[in-house]
Amino acid sequence: MNAALPVLAPDTLERLGRVASATLSTQLFKLGFRNTCLTGLRAVNPGLRMAGEALTLRFVPGREDLSTFENVTRADYPQRAAIEACRPGQVLVVEGRGVDGAAIGGDIYMTRLQVRGAAGCVVDANVRDYASIQALGLPVYARGPASPPHPARHLAVDWNVPIACSEVLVMPGDILVGDADGVVCIPRHLADEVARTGTELDALEAFVVEKIRAGAPVPGTYPPDEKTRAEYEAWRKARG
């Protein structure tokens with residue numbers, strides 16, 4: 001791990017992987033962070049969850065003299081270099097400028113990421129081999145499917161740098177959490193705190209849902225008043 005990055009608590013990623021992205025976005029909102037959800041992306045496989053450290057990759061508009069197969073298949077081409085550098089537990093996060101007309105990657109690159117131990121891939125553009133990626137078992141988030149290869153619209157220019165993914169700033173080492181609702185970027189220095197408060201809020205909301213199902217009104221139940229809070233504490237204690 002980069003020594004300049006704050007060290008996470010040993011259980012932070014595991015805890016974040018259990019917390020709903022909606023809960024995390026709420027906790028970040030309470031901390032004053034309003035632009036953390038990567039909108040416009042869909043889970044290729046909504047049944048999978050994702051939590052990991054960001055490894056970033058930046059694309060710019062392609063140009064005919066540079067977006068050639070000879071160039072983009074070099075070993076040091078940033079896309080290939082980033083994938084080969086991916087460490088277990090990292091999420092490859094790609095700035096694709098929201099372009100729908102070409103695929104950033106397909107099942108070959110996603111399979112390589114899976115073999116490298118990646119926690120997932122987030123693409124602010126499209127992917128190809130959509131059905132194959134669905135069957136792969138790697139959490140992938142993208143705008144949708146597309147057939148044309150990425151040089152038709154894109155050129156990879158850098159990796160492991162700050163990027164804008166779905167108009168959200170993603171720094172290398174930030175934490176990306178994804179589920180069926182979408183993807184949230186957590187600034188790394190807040191990850192431990194948000195993992196703790198997010199876990200607590202998820203437990204509280206599970207209790208609230210039970211109360212609502214049993215006929216309780218929303219006022220006084222959510223947010224919980226003093227009586228409901230006391231009931232929740234007893235409920236939580238009973239369940240360990």
# chains A, B, ... in the order shown; residues from 1 in each chain; ligands from 1
>>> residues_around(residues="Ile83 of chain A", least_positions_apart="6", cutoff="8 Å", atoms="only C-alpha atoms", output="list in words")
Leu92, Tyr109, Arg112 and Leu113 of chain A
>>> residues_around(residues="segment 180-186 of chain A", least_positions_apart="2", cutoff="6 Å", atoms="only C-alpha atoms", output="list of chain:residue names")
A:Thr36, A:Cys37, A:Leu38, A:Pro46, A:Asp174, A:Ile175, A:Leu176, A:Val177, A:Gly178, A:Arg188
>>> residues_around(residues="Ala234 of chain A", least_positions_apart="6", cutoff="12 Å", atoms="only C-alpha atoms", output="VMD selection string")
chain A and resid 204 207 227 to 228 240
>>> residues_around(residues="Leu190 of chain A", least_positions_apart="3", cutoff="12 Å", atoms="only C-alpha atoms", output="NGL selection string")
:A and (5-9 or 12 or 16 or 24 or 27-28 or 31-33 or 173-175 or 185-187 or 193-198)
>>> atom_distance(atom1="atom CA of Thr39 of chain A", atom2="atom CA of Gly96 of chain A")
13.2 Å
>>> closest_residue(among="A:Gly137, A:Pro151, A:Gly40, A:Pro224", to="Thr111 of chain A", atoms="only C-alpha atoms")
A:Gly137
>>> select_by_dssp(residues="segment 2-157 of chain A", states="alpha helix (DSSP H)", output="number ranges by chain")
A: 12-16, 21-30, 69-72, 78-85, 107-115, 130-136
>>> closest_residue(among="A:Arg236, A:Arg143, A:Arg87, A:Arg128", to="Asp107 of chain A", atoms="only C-alpha atoms")
A:Arg128
>>> residues_around(residues="Glu84 of chain A", least_positions_apart="4", cutoff="12 Å", atoms="only C-alpha atoms", output="ChimeraX atom specification")
/A:55,75-80,88,90,92,109-118,159
>>> select_by_dssp(residues="segment 60-161 of chain A", states="strand (DSSP E)", output="PyMOL selection string")
chain A and resi 60-61+90-105+120-127+140-142+144-145+154-159
>>> write_last_selection(atoms="N, CA and C atoms", output="tab-separated table (two decimals), in the first residue's frame")
chain	number	residue	atom	x	y	z
A	60	VAL	N	-9.34	9.89	-22.63
A	60	VAL	CA	-9.70	11.15	-23.27
A	60	VAL	C	-10.28	10.81	-24.64
A	61	PRO	N	-10.83	11.79	-25.36
A	61	PRO	CA	-11.34	11.50	-26.70
A	61	PRO	C	-10.24	10.95	-27.60
A	90	GLN	N	-8.50	-4.32	-5.13
A	90	GLN	CA	-8.66	-3.01	-5.76
A	90	GLN	C	-9.83	-3.02	-6.75
A	91	VAL	N	-10.39	-1.84	-6.97
A	91	VAL	CA	-11.44	-1.64	-7.96
A	91	VAL	C	-10.87	-0.75	-9.07
A	92	LEU	N	-10.88	-1.23	-10.29
A	92	LEU	CA	-10.45	-0.40	-11.42
A	92	LEU	C	-11.58	0.58	-11.73
A	93	VAL	N	-11.28	1.87	-11.59
A	93	VAL	CA	-12.28	2.93	-11.80
A	93	VAL	C	-11.85	3.73	-13.03
A	94	VAL	N	-12.73	3.78	-14.03
A	94	VAL	CA	-12.36	4.31	-15.33
A	94	VAL	C	-13.13	5.59	-15.65
A	95	GLU	N	-12.40	6.65	-15.97
A	95	GLU	CA	-13.02	7.88	-16.47
A	95	GLU	C	-13.26	7.71	-17.97
A	96	GLY	N	-14.52	7.52	-18.35
A	96	GLY	CA	-14.86	7.34	-19.75
A	96	GLY	C	-15.71	8.45	-20.32
A	97	ARG	N	-15.90	9.55	-19.53
A	97	ARG	CA	-16.56	10.76	-20.00
A	97	ARG	C	-18.03	10.54	-20.35
A	98	GLY	N	-18.62	9.43	-19.90
A	98	GLY	CA	-20.03	9.20	-20.18
A	98	GLY	C	-20.34	8.87	-21.62
A	99	VAL	N	-19.35	8.42	-22.38
A	99	VAL	CA	-19.52	8.14	-23.81
A	99	VAL	C	-20.14	6.76	-24.00
A	100	ASP	N	-21.20	6.69	-24.81
A	100	ASP	CA	-21.91	5.43	-25.04
A	100	ASP	C	-21.50	4.72	-26.33
A	101	GLY	N	-20.73	5.36	-27.20
A	101	GLY	CA	-20.54	4.84	-28.54
A	101	GLY	C	-19.45	3.82	-28.72
A	102	ALA	N	-18.78	3.42	-27.64
A	102	ALA	CA	-17.72	2.41	-27.76
A	102	ALA	C	-17.53	1.76	-26.40
A	103	ALA	N	-16.97	0.55	-26.41
A	103	ALA	CA	-16.77	-0.20	-25.17
A	103	ALA	C	-15.36	0.02	-24.64
A	104	ILE	N	-15.26	0.33	-23.35
A	104	ILE	CA	-13.95	0.49	-22.72
A	104	ILE	C	-13.22	-0.85	-22.63
A	105	GLY	N	-13.97	-1.93	-22.43
A	105	GLY	CA	-13.36	-3.25	-22.32
A	105	GLY	C	-14.43	-4.31	-22.43
A	120	GLY	N	-13.57	-5.40	-8.26
A	120	GLY	CA	-14.59	-4.99	-9.22
A	120	GLY	C	-14.04	-4.00	-10.22
A	121	CYS	N	-14.93	-3.50	-11.07
A	121	CYS	CA	-14.57	-2.51	-12.08
A	121	CYS	C	-15.74	-1.55	-12.25
A	122	VAL	N	-15.43	-0.26	-12.31
A	122	VAL	CA	-16.44	0.79	-12.48
A	122	VAL	C	-16.04	1.60	-13.71
A	123	VAL	N	-16.94	1.68	-14.68
A	123	VAL	CA	-16.64	2.30	-15.97
A	123	VAL	C	-17.68	3.37	-16.28
A	124	ASP	N	-17.23	4.62	-16.40
A	124	ASP	CA	-18.14	5.70	-16.79
A	124	ASP	C	-18.25	5.73	-18.32
A	125	ALA	N	-18.62	4.59	-18.87
A	125	ALA	CA	-18.80	4.40	-20.31
A	125	ALA	C	-19.41	3.01	-20.47
A	126	ASN	N	-19.20	2.39	-21.60
A	126	ASN	CA	-19.84	1.10	-21.86
A	126	ASN	C	-18.83	-0.03	-21.88
A	127	VAL	N	-19.35	-1.25	-21.79
A	127	VAL	CA	-18.53	-2.45	-21.91
A	127	VAL	C	-19.15	-3.35	-22.98
A	140	VAL	N	-19.19	-5.50	-11.86
A	140	VAL	CA	-18.86	-4.51	-12.88
A	140	VAL	C	-20.01	-3.54	-12.99
A	141	TYR	N	-19.69	-2.25	-13.04
A	141	TYR	CA	-20.69	-1.19	-13.19
A	141	TYR	C	-20.33	-0.37	-14.42
A	142	ALA	N	-21.31	-0.14	-15.28
A	142	ALA	CA	-21.08	0.59	-16.53
A	142	ALA	C	-22.37	1.27	-16.94
A	144	GLY	N	-23.80	0.72	-19.81
A	144	GLY	CA	-24.55	-0.25	-20.57
A	144	GLY	C	-23.64	-0.97	-21.54
A	145	PRO	N	-24.22	-1.73	-22.48
A	145	PRO	CA	-23.41	-2.46	-23.45
A	145	PRO	C	-23.14	-1.65	-24.70
A	154	HIS	N	-12.15	6.45	-27.78
A	154	HIS	CA	-11.36	6.71	-26.58
A	154	HIS	C	-9.86	6.54	-26.81
A	155	LEU	N	-9.10	7.14	-25.91
A	155	LEU	CA	-7.66	6.92	-25.82
A	155	LEU	C	-7.27	6.96	-24.35
A	156	ALA	N	-6.67	5.89	-23.85
A	156	ALA	CA	-6.19	5.88	-22.46
A	156	ALA	C	-4.90	6.68	-22.38
A	157	VAL	N	-4.81	7.58	-21.40
A	157	VAL	CA	-3.65	8.46	-21.33
A	157	VAL	C	-2.92	8.41	-20.00
A	158	ASP	N	-3.56	7.91	-18.94
A	158	ASP	CA	-2.87	7.90	-17.64
A	158	ASP	C	-3.60	6.98	-16.68
A	159	TRP	N	-2.91	6.56	-15.63
A	159	TRP	CA	-3.54	5.74	-14.60
A	159	TRP	C	-2.92	6.06	-13.24
>>> closest_residue(among="A:Ala230, A:Ile212, A:Ala20, A:Ala152", to="Leu66 of chain A", atoms="only C-alpha atoms")
A:Ala152
>>> closest_residue(among="A:Leu57, A:Ala135, A:Cys86, A:Met50", to="Ser21 of chain A", atoms="only C-alpha atoms")
A:Met50
>>> closest_residue(among="A:Ala119, A:Ala203, A:Ala54, A:Ala82", to="Pro162 of chain A", atoms="only C-alpha atoms")
A:Ala54
